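What follows is the content of final-v1.csv, which has CSV, C-alpha atoms:
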chain,number,residue,atom,x,y,z
Y,26,ASP,CA,0.0,0.0,0.0
Y,27,ILE,CA,2.8,2.4,0.8
Y,28,VAL,CA,4.4,1.5,-2.5
Y,29,LYS,CA,1.2,2.0,-4.4
Y,30,LYS,CA,0.6,5.4,-2.7
Y,31,GLN,CA,4.1,6.5,-3.4
Y,32,LEU,CA,4.0,5.6,-7.1
Y,33,VAL,CA,0.4,6.8,-7.5
Y,34,LEU,CA,-0.4,3.5,-9.2
Y,35,PRO,CA,-3.8,3.1,-10.9
Y,36,GLU,CA,-6.4,1.3,-8.8
Y,37,GLY,CA,-6.2,-2.4,-9.3
Y,38,THR,CA,-2.5,-2.5,-10.2
Y,39,ASP,CA,-1.2,-5.8,-9.1
Y,40,VAL,CA,1.8,-5.4,-6.7
Y,41,THR,CA,3.4,-8.6,-5.5
Y,42,GLY,CA,6.4,-9.3,-3.5
Y,43,ALA,CA,8.4,-9.9,-6.6
Y,44,SER,CA,7.4,-6.6,-8.3
Y,45,LYS,CA,10.4,-4.6,-9.2
Y,46,PHE,CA,9.9,-0.9,-8.5
Y,47,THR,CA,11.3,-0.2,-11.9
Y,48,ASP,CA,8.5,-2.4,-13.4
Y,49,LEU,CA,6.0,-0.3,-11.6
Y,50,GLY,CA,7.3,2.8,-13.2
Y,51,ALA,CA,9.7,4.0,-10.5
Y,52,ASP,CA,13.0,5.6,-11.2
Y,53,SER,CA,15.9,5.8,-8.7
Y,54,LEU,CA,14.5,8.9,-7.1
Y,55,ASP,CA,11.1,7.2,-6.6
Y,56,THR,CA,12.8,4.3,-5.0
Y,57,VAL,CA,14.5,6.6,-2.5
Y,58,GLU,CA,11.2,8.1,-1.6
Y,59,ILE,CA,9.6,4.6,-1.2
Y,60,VAL,CA,12.4,3.6,1.2
Y,61,MET,CA,12.0,6.8,3.1
Y,62,GLY,CA,8.3,6.3,3.4
Y,63,LEU,CA,8.8,2.8,4.7
Y,64,GLU,CA,11.3,4.0,7.3
Y,65,GLU,CA,8.8,6.5,8.6
Y,66,ALA,CA,5.9,4.0,8.6
Y,67,PHE,CA,7.8,1.4,10.5
Y,68,LYS,CA,9.8,3.8,12.6
Y,69,ILE,CA,13.1,2.4,11.4
Y,70,SER,CA,16.3,3.7,9.9
Y,71,VAL,CA,17.7,2.1,6.8
Y,72,ASP,CA,21.4,2.7,6.2
Y,73,GLU,CA,22.6,4.0,2.9
Y,74,SER,CA,24.0,0.9,1.4
Y,75,SER,CA,21.0,-1.2,2.3
Y,76,ALA,CA,18.7,1.4,0.9
Y,77,GLN,CA,20.5,1.4,-2.4
Y,78,SER,CA,20.3,-2.4,-2.8
Y,79,ILE,CA,16.5,-2.5,-2.6
Y,80,ALA,CA,14.9,-3.3,-6.0
Y,81,THR,CA,11.7,-5.1,-5.2
Y,82,VAL,CA,8.9,-5.0,-2.8
Y,83,GLU,CA,10.2,-8.2,-1.3
Y,84,ASP,CA,13.6,-6.7,-0.8
Y,85,ALA,CA,12.0,-3.9,1.1
Y,86,ALA,CA,9.9,-6.3,3.2
Y,87,GLU,CA,12.9,-8.5,4.1
Y,88,LEU,CA,15.0,-5.6,5.1
Y,89,ILE,CA,12.3,-4.2,7.3
Y,90,ASP,CA,11.9,-7.6,9.0
Y,91,LYS,CA,15.6,-7.7,9.6
Y,92,ILE,CA,15.8,-4.2,11.0
Y,93,VAL,CA,12.7,-4.6,13.2
Y,94,SER,CA,14.1,-8.0,14.5
Y,95,ASN,CA,17.4,-6.4,15.4
Y,96,ALA,CA,15.6,-3.7,17.3
Y,97,LYS,CA,14.1,-6.2,19.7
B,24,MET,CA,18.1,-9.8,-2.3
B,25,ALA,CA,17.6,-9.4,-6.0
B,26,SER,CA,20.5,-7.6,-7.5
B,27,ARG,CA,19.8,-4.4,-9.3
B,28,SER,CA,21.7,-2.9,-12.2
B,29,LYS,CA,24.8,-1.5,-10.5
B,30,LEU,CA,24.7,2.2,-9.8
B,31,SER,CA,27.7,4.2,-10.7
B,32,GLY,CA,29.5,5.9,-7.8
B,33,ILE,CA,28.2,9.3,-8.9
B,34,GLN,CA,24.7,8.0,-9.1
B,35,ARG,CA,24.9,6.7,-5.5
B,36,GLN,CA,26.1,10.1,-4.4
B,37,VAL,CA,23.2,11.8,-6.0
B,38,LEU,CA,20.7,9.4,-4.4
B,39,ALA,CA,22.4,9.8,-1.0
B,40,LEU,CA,22.2,13.5,-1.3
B,41,TYR,CA,18.5,13.2,-2.2
B,42,ARG,CA,17.9,11.1,0.8
B,43,GLY,CA,19.8,13.6,2.9
B,44,PHE,CA,17.4,16.4,1.9
B,45,LEU,CA,14.3,14.2,2.6
B,46,ARG,CA,15.6,13.3,6.0
B,47,THR,CA,16.4,16.9,6.9
B,48,ALA,CA,13.0,18.0,5.6
B,49,ARG,CA,11.4,15.7,8.2
B,50,LEU,CA,12.9,17.8,11.0
B,51,LYS,CA,11.0,20.9,9.9
B,52,SER,CA,7.4,21.8,10.5
B,53,PRO,CA,4.9,19.8,8.4
B,54,GLU,CA,4.1,22.7,6.2
B,55,GLU,CA,7.8,23.6,5.6
B,56,ARG,CA,8.6,19.9,5.1
B,57,HIS,CA,6.1,19.6,2.4
B,58,ARG,CA,7.5,22.7,0.6
B,59,ILE,CA,11.1,21.5,0.9
B,60,GLU,CA,10.1,18.0,-0.4
B,61,SER,CA,8.3,19.5,-3.4
B,62,VAL,CA,11.2,21.9,-4.3
B,63,VAL,CA,13.9,19.3,-3.9
B,64,SER,CA,12.0,16.6,-5.8
B,65,ALA,CA,11.3,18.9,-8.7
B,66,GLU,CA,14.9,20.1,-8.7
B,67,PHE,CA,16.4,16.6,-8.8
B,68,ARG,CA,14.0,15.4,-11.5
B,69,GLU,CA,14.6,18.4,-13.7
B,70,ASN,CA,18.3,17.9,-13.5
B,71,ALA,CA,17.9,14.2,-14.1
B,72,ARG,CA,16.1,15.0,-17.3
B,73,ASN,CA,18.3,17.8,-18.6
B,74,ILE,CA,21.8,17.0,-17.7
B,75,ASP,CA,24.0,14.8,-19.9
B,76,ARG,CA,24.9,11.8,-17.6
B,77,LYS,CA,28.4,11.9,-18.9
B,78,ASN,CA,28.9,15.6,-18.0
B,79,PHE,CA,30.8,14.5,-14.8
B,80,VAL,CA,32.4,17.9,-14.2
B,81,TYR,CA,29.0,19.6,-14.0
B,82,ILE,CA,27.4,16.8,-12.0
B,83,GLU,CA,30.1,16.9,-9.5
B,84,TYR,CA,29.8,20.7,-9.2
B,85,LEU,CA,26.0,20.3,-8.6
B,86,LEU,CA,26.8,17.6,-5.9
B,87,ARG,CA,29.1,19.9,-4.1
B,88,ARG,CA,26.6,22.7,-4.3
B,89,GLY,CA,23.8,20.5,-3.1
B,90,LYS,CA,25.8,19.3,-0.1
B,91,LYS,CA,26.5,22.9,0.9
B,92,GLN,CA,22.8,23.7,0.6
B,93,LEU,CA,21.9,20.6,2.6
B,94,GLU,CA,24.3,21.6,5.4
B,95,GLN,CA,22.6,25.0,5.5
B,96,LEU,CA,19.2,23.5,5.6
B,97,LYS,CA,20.2,21.4,8.6
B,98,ASP,CA,20.6,24.5,10.7
B,99,PRO,CA,17.5,24.6,12.9
B,100,ASP,CA,17.4,28.3,12.7
B,101,ILE,CA,16.7,28.0,9.0
B,102,THR,CA,13.0,27.3,8.8
B,103,GLY,CA,12.7,27.2,5.1
B,104,LEU,CA,14.2,27.5,1.7
B,105,SER,CA,13.8,31.1,1.1
B,106,THR,CA,17.4,31.7,2.3
B,107,LEU,CA,18.8,29.1,0.1
B,108,GLU,CA,19.5,29.2,-3.6
B,109,ILE,CA,17.6,26.0,-4.3
B,110,ASN,CA,14.9,27.8,-6.2
B,111,LYS,CA,17.3,28.8,-8.9
B,112,VAL,CA,16.9,26.8,-12.0
B,113,TYR,CA,20.3,25.5,-13.0
B,114,LYS,CA,21.2,26.1,-16.6
B,115,PRO,CA,23.5,23.3,-17.7
B,116,LEU,CA,26.7,24.5,-19.2
B,117,ASN,CA,26.9,23.8,-22.8
B,118,LEU,CA,30.3,22.2,-22.9
B,119,LYS,CA,31.1,21.0,-26.4

Could you write out this file's structure as structure tokens?
Amino acid sequence: DIVKKQLVLPEGTDVTGASKFTDLGADSLDTVEIVMGLEEAFKISVDESSAQSIATVEDAAELIDKIVSNAK
Amino acid sequence: MASRSKLSGIQRQVLALYRGFLRTARLKSPEERHRIESVVSAEFRENARNIDRKNFVYIEYLLRRGKKQLEQLKDPDITGLSTLEINKVYKPLNLK
């Protein structure tokens, strides 16, 4: 949902874990914004190199899980 | 993680700078934050469209300029962008 909102995707667009941000029409700047949005939504901080390695929704989800787990 | 097409070093610097601006914007009031985000986003995208990606000299100049502007923006006494030069539209040098 965060990804859809960020990319202003048309209603009904299918976004799955394997969806590449670039396939959804995102450029590098969009991806930065998505990661920033996720950081804020989950109250986490993503370091620079991790952020730049995210290419799919799944990548983002895995990274968030990892960060949230480490925080506990 | 799926690998993505490898970003060049200078591309990484640009994205890191963009992230820096967005992070700093969060520290401002909601209204100011929104304005900063709009201006910065438009600026980066315009430059992305207009500047030859091989014009490294100019890109590096813009990166240095952007970093200075970001440092200024981090000053809590600066509540907005009016004191910055960010609103200027860069005119890419026509190096031929």

Exercise. Given a cut-off of 8 Å, which residues of chain Y touch chain B, counting only C-alpha atoms, written out as a list of chain:residue names?
Worked result: Y:Ser53, Y:Leu54, Y:Val57, Y:Glu58, Y:Met61, Y:Glu73, Y:Gln77, Y:Ser78, Y:Ile79, Y:Ala80, Y:Thr81, Y:Asp84

Using only C-alpha atoms, please write the residues we just selected to a file, as a short mmCIF file (atom, residue, chain, number, x, y, z; two decimals), in the frame of the given file.
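And here's result.cif as it stands now:
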data_model
loop_
_atom_site.label_atom_id
_atom_site.label_comp_id
_atom_site.auth_asym_id
_atom_site.auth_seq_id
_atom_site.Cartn_x
_atom_site.Cartn_y
_atom_site.Cartn_z
CA SER Y 53 15.90 5.80 -8.70
CA LEU Y 54 14.50 8.90 -7.10
CA VAL Y 57 14.50 6.60 -2.50
CA GLU Y 58 11.20 8.10 -1.60
CA MET Y 61 12.00 6.80 3.10
CA GLU Y 73 22.60 4.00 2.90
CA GLN Y 77 20.50 1.40 -2.40
CA SER Y 78 20.30 -2.40 -2.80
CA ILE Y 79 16.50 -2.50 -2.60
CA ALA Y 80 14.90 -3.30 -6.00
CA THR Y 81 11.70 -5.10 -5.20
CA ASP Y 84 13.60 -6.70 -0.80
#

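If you look at atom CA of B:Asp100 and atom CA of Y:Glu65, they are 23.8 Å away from each other.
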
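Between atom CA of Y:Ser70 and atom CA of Y:Ile92 there is a distance of 8.0 Å.
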
Seminar exercise, completed: From atom CA of Y:Ile69 to atom CA of Y:Gly50 the spacing works out at 25.3 Å
